[in-house]
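Undergrad: My questions will all concern the structure given below.
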Amino acid sequence: ATTLTHLGELHYMKKDYAAAEKFFQKAMRINPFNPLVHSRLINIYATLGQTEKKEQQGLLYSYIK
């Protein structure tokens with residue numbers, strides 16, 4: 001999960017949000033308790049205007065913080 005999170009972070013920093021989302025989603029399936037993954041997904045969905053996905057991630061994030 002750590003490697004996937006780092007790969008997601010690299011793509012996130014490059015603003016390649018589609019690739020970043022894929023890596024963060026994979027990392028979340030392995031470790032759903034990493035708050036960084038959820039916060040990055042929230043930011044990605046906000047940037048892409050995907051309100052429903054952003055709200056779902058926000059709810060998941062609220063359970064673990």
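A note on labels: chains of the structure tokens are A, B, ... as shown, every chain counts residues from 1, and ligands are counted from 1 in their shown order.
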Can you tell me which residues surround His11 of chain A at a distance of at most 12 Å, considering only C-alpha atoms, apart from same-chain residues fewer than 2 positions away, and format the answer as a list in words?
TA: Leu4, Thr5, His6, Leu7, Gly8, Glu9, Met13, Lys14, Lys15, Asp16, Tyr17, Ala18, Ala19, Ala20, Glu21, Lys22, Phe23, Phe24, Arg40 and Ile44 of chain A
Undergrad: Keeping only N, CA and C atoms, write the selected residues as a short mmCIF file (atom, residue, chain, number, x, y, z; two decimals), in the first residue's frame.
TA:
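Ended up saving to out_26.cif:
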```cif
data_model
loop_
_atom_site.label_atom_id
_atom_site.label_comp_id
_atom_site.auth_asym_id
_atom_site.auth_seq_id
_atom_site.Cartn_x
_atom_site.Cartn_y
_atom_site.Cartn_z
N LEU A 4 2.06 2.08 -3.55
CA LEU A 4 0.95 2.61 -4.35
C LEU A 4 0.62 4.05 -3.95
N THR A 5 0.68 4.33 -2.66
CA THR A 5 0.43 5.68 -2.18
C THR A 5 1.49 6.64 -2.71
N HIS A 6 2.75 6.22 -2.68
CA HIS A 6 3.83 7.07 -3.20
C HIS A 6 3.68 7.30 -4.71
N LEU A 7 3.30 6.26 -5.44
CA LEU A 7 3.08 6.42 -6.88
C LEU A 7 1.91 7.38 -7.14
N GLY A 8 0.87 7.25 -6.35
CA GLY A 8 -0.26 8.18 -6.46
C GLY A 8 0.16 9.60 -6.18
N GLU A 9 1.01 9.76 -5.16
CA GLU A 9 1.49 11.10 -4.79
C GLU A 9 2.34 11.71 -5.91
N MET A 13 1.30 15.14 -7.79
CA MET A 13 2.17 16.31 -7.87
C MET A 13 2.37 16.76 -9.32
N LYS A 14 2.32 15.81 -10.26
CA LYS A 14 2.44 16.14 -11.68
C LYS A 14 1.10 16.58 -12.28
N LYS A 15 0.05 16.57 -11.46
CA LYS A 15 -1.31 16.92 -11.87
C LYS A 15 -1.88 15.94 -12.89
N ASP A 16 -1.39 14.71 -12.83
CA ASP A 16 -1.95 13.62 -13.65
C ASP A 16 -2.98 12.92 -12.76
N TYR A 17 -4.13 13.56 -12.64
CA TYR A 17 -5.12 13.12 -11.66
C TYR A 17 -5.74 11.77 -11.97
N ALA A 18 -5.85 11.42 -13.24
CA ALA A 18 -6.43 10.11 -13.59
C ALA A 18 -5.52 8.99 -13.08
N ALA A 19 -4.23 9.10 -13.31
CA ALA A 19 -3.29 8.08 -12.83
C ALA A 19 -3.22 8.09 -11.31
N ALA A 20 -3.19 9.27 -10.73
CA ALA A 20 -3.13 9.38 -9.27
C ALA A 20 -4.33 8.71 -8.63
N GLU A 21 -5.50 8.94 -9.19
CA GLU A 21 -6.72 8.33 -8.65
C GLU A 21 -6.62 6.81 -8.66
N LYS A 22 -6.12 6.25 -9.75
CA LYS A 22 -6.00 4.79 -9.85
C LYS A 22 -5.08 4.23 -8.77
N PHE A 23 -3.94 4.87 -8.56
CA PHE A 23 -3.01 4.38 -7.54
C PHE A 23 -3.59 4.56 -6.14
N PHE A 24 -4.22 5.69 -5.88
CA PHE A 24 -4.82 5.91 -4.56
C PHE A 24 -5.96 4.93 -4.30
N ARG A 40 -6.29 13.02 -0.51
CA ARG A 40 -5.88 13.25 -1.90
C ARG A 40 -7.03 12.95 -2.86
N ILE A 44 -8.68 15.43 -5.54
CA ILE A 44 -8.78 15.07 -6.97
C ILE A 44 -10.21 15.22 -7.45
#
```
Undergrad: I'd like the contact shell of Pro35 of chain A - 7 Å cut-off, only C-alpha atoms, skipping same-chain residues fewer than 6 positions apart - returned as a list in words.
TA: Tyr61, Ile64 and Lys65 of chain A
Undergrad: I need the residues from that last selection saved to file as a PDB file, in the first residue's frame (with N, CA and C atoms), if you can.
TA:
```pdb
ATOM      1  N   TYR A  61     -13.513   9.537   4.934  1.00  0.00           N
ATOM      2  CA  TYR A  61     -12.446  10.216   5.653  1.00  0.00           C
ATOM      3  C   TYR A  61     -12.893  10.590   7.071  1.00  0.00           C
ATOM      4  N   ILE A  64     -12.324   7.902   9.769  1.00  0.00           N
ATOM      5  CA  ILE A  64     -10.990   7.511  10.218  1.00  0.00           C
ATOM      6  C   ILE A  64     -10.177   8.634  10.846  1.00  0.00           C
ATOM      7  N   LYS A  65     -10.598   9.868  10.700  1.00  0.00           N
ATOM      8  CA  LYS A  65      -9.782  10.951  11.271  1.00  0.00           C
ATOM      9  C   LYS A  65     -10.067  11.199  12.711  1.00  0.00           C
TER      10      LYS A  65
END
```
Undergrad: DSSP on the backbone, then: every residue of segment 5-63 of chain A marked helix (DSSP H, G or I), written as a ChimeraX atom specification.
TA: /A:5-13,17-30,35-48,51-63
Undergrad: Do you know which residues are at most 10 Å from Lys53 of chain A counting only C-alpha atoms, after dropping those on the same chain fewer than 5 positions away, and could you put them as a VMD selection string?
TA: chain A and resid 41 to 42 44 to 46 58 to 59
Undergrad: Could you pull the residues within 8 Å of Asn43 of chain A, counting only C-alpha atoms, minus those fewer than 4 positions along the same chain, as a list in words?
TA: Ser39, Thr47 and Lys54 of chain A
Undergrad: Just want the 10 Å neighbourhood of Pro32 of chain A, counted on only C-alpha atoms, with same-chain residues fewer than 3 positions away dropped. Output as a list in words.
TA: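 Near neighbours after the sequence-gap exclusion: Ala1, Gln25, Lys26, Ala27, Met28, Arg29, Pro35, Val37, His38, Leu60, Tyr61 and Ile64 of chain A.
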Undergrad: Emit the selected residues as an mmCIF file, in the first residue's frame, including all heavy atoms.
TA:
```
data_model
loop_
_atom_site.group_PDB
_atom_site.id
_atom_site.type_symbol
_atom_site.label_atom_id
_atom_site.label_comp_id
_atom_site.auth_asym_id
_atom_site.auth_seq_id
_atom_site.Cartn_x
_atom_site.Cartn_y
_atom_site.Cartn_z
ATOM 1 N N ALA A 1 0.825 -1.197 0.000
ATOM 2 C CA ALA A 1 0.000 0.000 0.000
ATOM 3 C C ALA A 1 0.869 1.260 0.000
ATOM 4 O O ALA A 1 0.508 2.255 -0.618
ATOM 5 C CB ALA A 1 -0.936 -0.004 1.197
ATOM 6 N N GLN A 25 -6.744 4.629 -5.318
ATOM 7 C CA GLN A 25 -7.831 3.651 -5.157
ATOM 8 C C GLN A 25 -7.264 2.271 -4.818
ATOM 9 O O GLN A 25 -7.790 1.573 -3.951
ATOM 10 C CB GLN A 25 -8.684 3.571 -6.424
ATOM 11 C CG GLN A 25 -9.585 4.752 -6.640
ATOM 12 C CD GLN A 25 -10.755 4.793 -5.677
ATOM 13 O OE1 GLN A 25 -11.066 3.827 -4.993
ATOM 14 N NE2 GLN A 25 -11.409 5.930 -5.623
ATOM 15 N N LYS A 26 -6.202 1.872 -5.500
ATOM 16 C CA LYS A 26 -5.576 0.581 -5.208
ATOM 17 C C LYS A 26 -5.004 0.559 -3.790
ATOM 18 O O LYS A 26 -5.155 -0.428 -3.066
ATOM 19 C CB LYS A 26 -4.472 0.275 -6.223
ATOM 20 C CG LYS A 26 -4.987 -0.053 -7.599
ATOM 21 C CD LYS A 26 -3.851 -0.305 -8.568
ATOM 22 C CE LYS A 26 -4.368 -0.589 -9.963
ATOM 23 N NZ LYS A 26 -3.283 -0.863 -10.917
ATOM 24 N N ALA A 27 -4.358 1.644 -3.400
ATOM 25 C CA ALA A 27 -3.796 1.732 -2.048
ATOM 26 C C ALA A 27 -4.903 1.658 -0.999
ATOM 27 O O ALA A 27 -4.746 1.012 0.046
ATOM 28 C CB ALA A 27 -3.000 3.022 -1.883
ATOM 29 N N MET A 28 -6.030 2.299 -1.284
ATOM 30 C CA MET A 28 -7.147 2.306 -0.336
ATOM 31 C C MET A 28 -7.747 0.909 -0.165
ATOM 32 O O MET A 28 -8.175 0.547 0.925
ATOM 33 C CB MET A 28 -8.223 3.288 -0.793
ATOM 34 C CG MET A 28 -9.325 3.477 0.224
ATOM 35 S SD MET A 28 -10.512 4.747 -0.255
ATOM 36 C CE MET A 28 -11.181 4.059 -1.755
ATOM 37 N N ARG A 29 -7.750 0.116 -1.238
ATOM 38 C CA ARG A 29 -8.273 -1.249 -1.116
ATOM 39 C C ARG A 29 -7.402 -2.100 -0.194
ATOM 40 O O ARG A 29 -7.907 -2.977 0.492
ATOM 41 C CB ARG A 29 -8.377 -1.901 -2.493
ATOM 42 C CG ARG A 29 -9.636 -1.504 -3.215
ATOM 43 C CD ARG A 29 -9.819 -2.260 -4.514
ATOM 44 N NE ARG A 29 -9.946 -1.235 -5.543
ATOM 45 C CZ ARG A 29 -9.196 -1.119 -6.617
ATOM 46 N NH1 ARG A 29 -8.265 -1.988 -6.881
ATOM 47 N NH2 ARG A 29 -9.384 -0.148 -7.464
ATOM 48 N N PRO A 35 -5.295 8.184 6.044
ATOM 49 C CA PRO A 35 -6.008 9.439 5.791
ATOM 50 C C PRO A 35 -5.461 10.225 4.602
ATOM 51 O O PRO A 35 -6.212 10.949 3.945
ATOM 52 C CB PRO A 35 -5.847 10.218 7.085
ATOM 53 C CG PRO A 35 -4.718 9.577 7.807
ATOM 54 C CD PRO A 35 -4.638 8.161 7.341
ATOM 55 N N VAL A 37 -4.520 9.107 1.708
ATOM 56 C CA VAL A 37 -5.168 8.604 0.490
ATOM 57 C C VAL A 37 -6.547 9.227 0.331
ATOM 58 O O VAL A 37 -6.906 9.711 -0.748
ATOM 59 C CB VAL A 37 -5.254 7.058 0.518
ATOM 60 C CG1 VAL A 37 -6.105 6.544 -0.621
ATOM 61 C CG2 VAL A 37 -3.855 6.456 0.458
ATOM 62 N N HIS A 38 -7.303 9.256 1.406
ATOM 63 C CA HIS A 38 -8.649 9.824 1.330
ATOM 64 C C HIS A 38 -8.605 11.322 1.042
ATOM 65 O O HIS A 38 -9.381 11.822 0.220
ATOM 66 C CB HIS A 38 -9.413 9.560 2.628
ATOM 67 C CG HIS A 38 -9.735 8.125 2.834
ATOM 68 N ND1 HIS A 38 -10.718 7.466 2.138
ATOM 69 C CD2 HIS A 38 -9.182 7.201 3.659
ATOM 70 C CE1 HIS A 38 -10.775 6.203 2.530
ATOM 71 N NE2 HIS A 38 -9.839 6.018 3.442
ATOM 72 N N LEU A 60 -16.068 8.769 4.103
ATOM 73 C CA LEU A 60 -15.101 7.745 4.526
ATOM 74 C C LEU A 60 -13.986 8.365 5.362
ATOM 75 O O LEU A 60 -13.572 7.805 6.381
ATOM 76 C CB LEU A 60 -14.508 7.041 3.299
ATOM 77 C CG LEU A 60 -15.457 6.176 2.491
ATOM 78 C CD1 LEU A 60 -14.782 5.692 1.212
ATOM 79 C CD2 LEU A 60 -15.932 4.985 3.316
ATOM 80 N N TYR A 61 -13.513 9.537 4.934
ATOM 81 C CA TYR A 61 -12.446 10.216 5.653
ATOM 82 C C TYR A 61 -12.893 10.590 7.071
ATOM 83 O O TYR A 61 -12.111 10.486 8.016
ATOM 84 C CB TYR A 61 -12.034 11.466 4.871
ATOM 85 C CG TYR A 61 -10.914 12.255 5.473
ATOM 86 C CD1 TYR A 61 -9.627 11.738 5.537
ATOM 87 C CD2 TYR A 61 -11.131 13.528 5.971
ATOM 88 C CE1 TYR A 61 -8.586 12.476 6.072
ATOM 89 C CE2 TYR A 61 -10.109 14.265 6.515
ATOM 90 C CZ TYR A 61 -8.842 13.733 6.572
ATOM 91 O OH TYR A 61 -7.804 14.465 7.116
ATOM 92 N N ILE A 64 -12.324 7.902 9.769
ATOM 93 C CA ILE A 64 -10.990 7.511 10.218
ATOM 94 C C ILE A 64 -10.177 8.634 10.846
ATOM 95 O O ILE A 64 -9.157 8.384 11.455
ATOM 96 C CB ILE A 64 -10.159 6.888 9.074
ATOM 97 C CG1 ILE A 64 -9.948 7.876 7.953
ATOM 98 C CG2 ILE A 64 -10.799 5.605 8.597
ATOM 99 C CD1 ILE A 64 -8.963 7.394 6.914
#
```
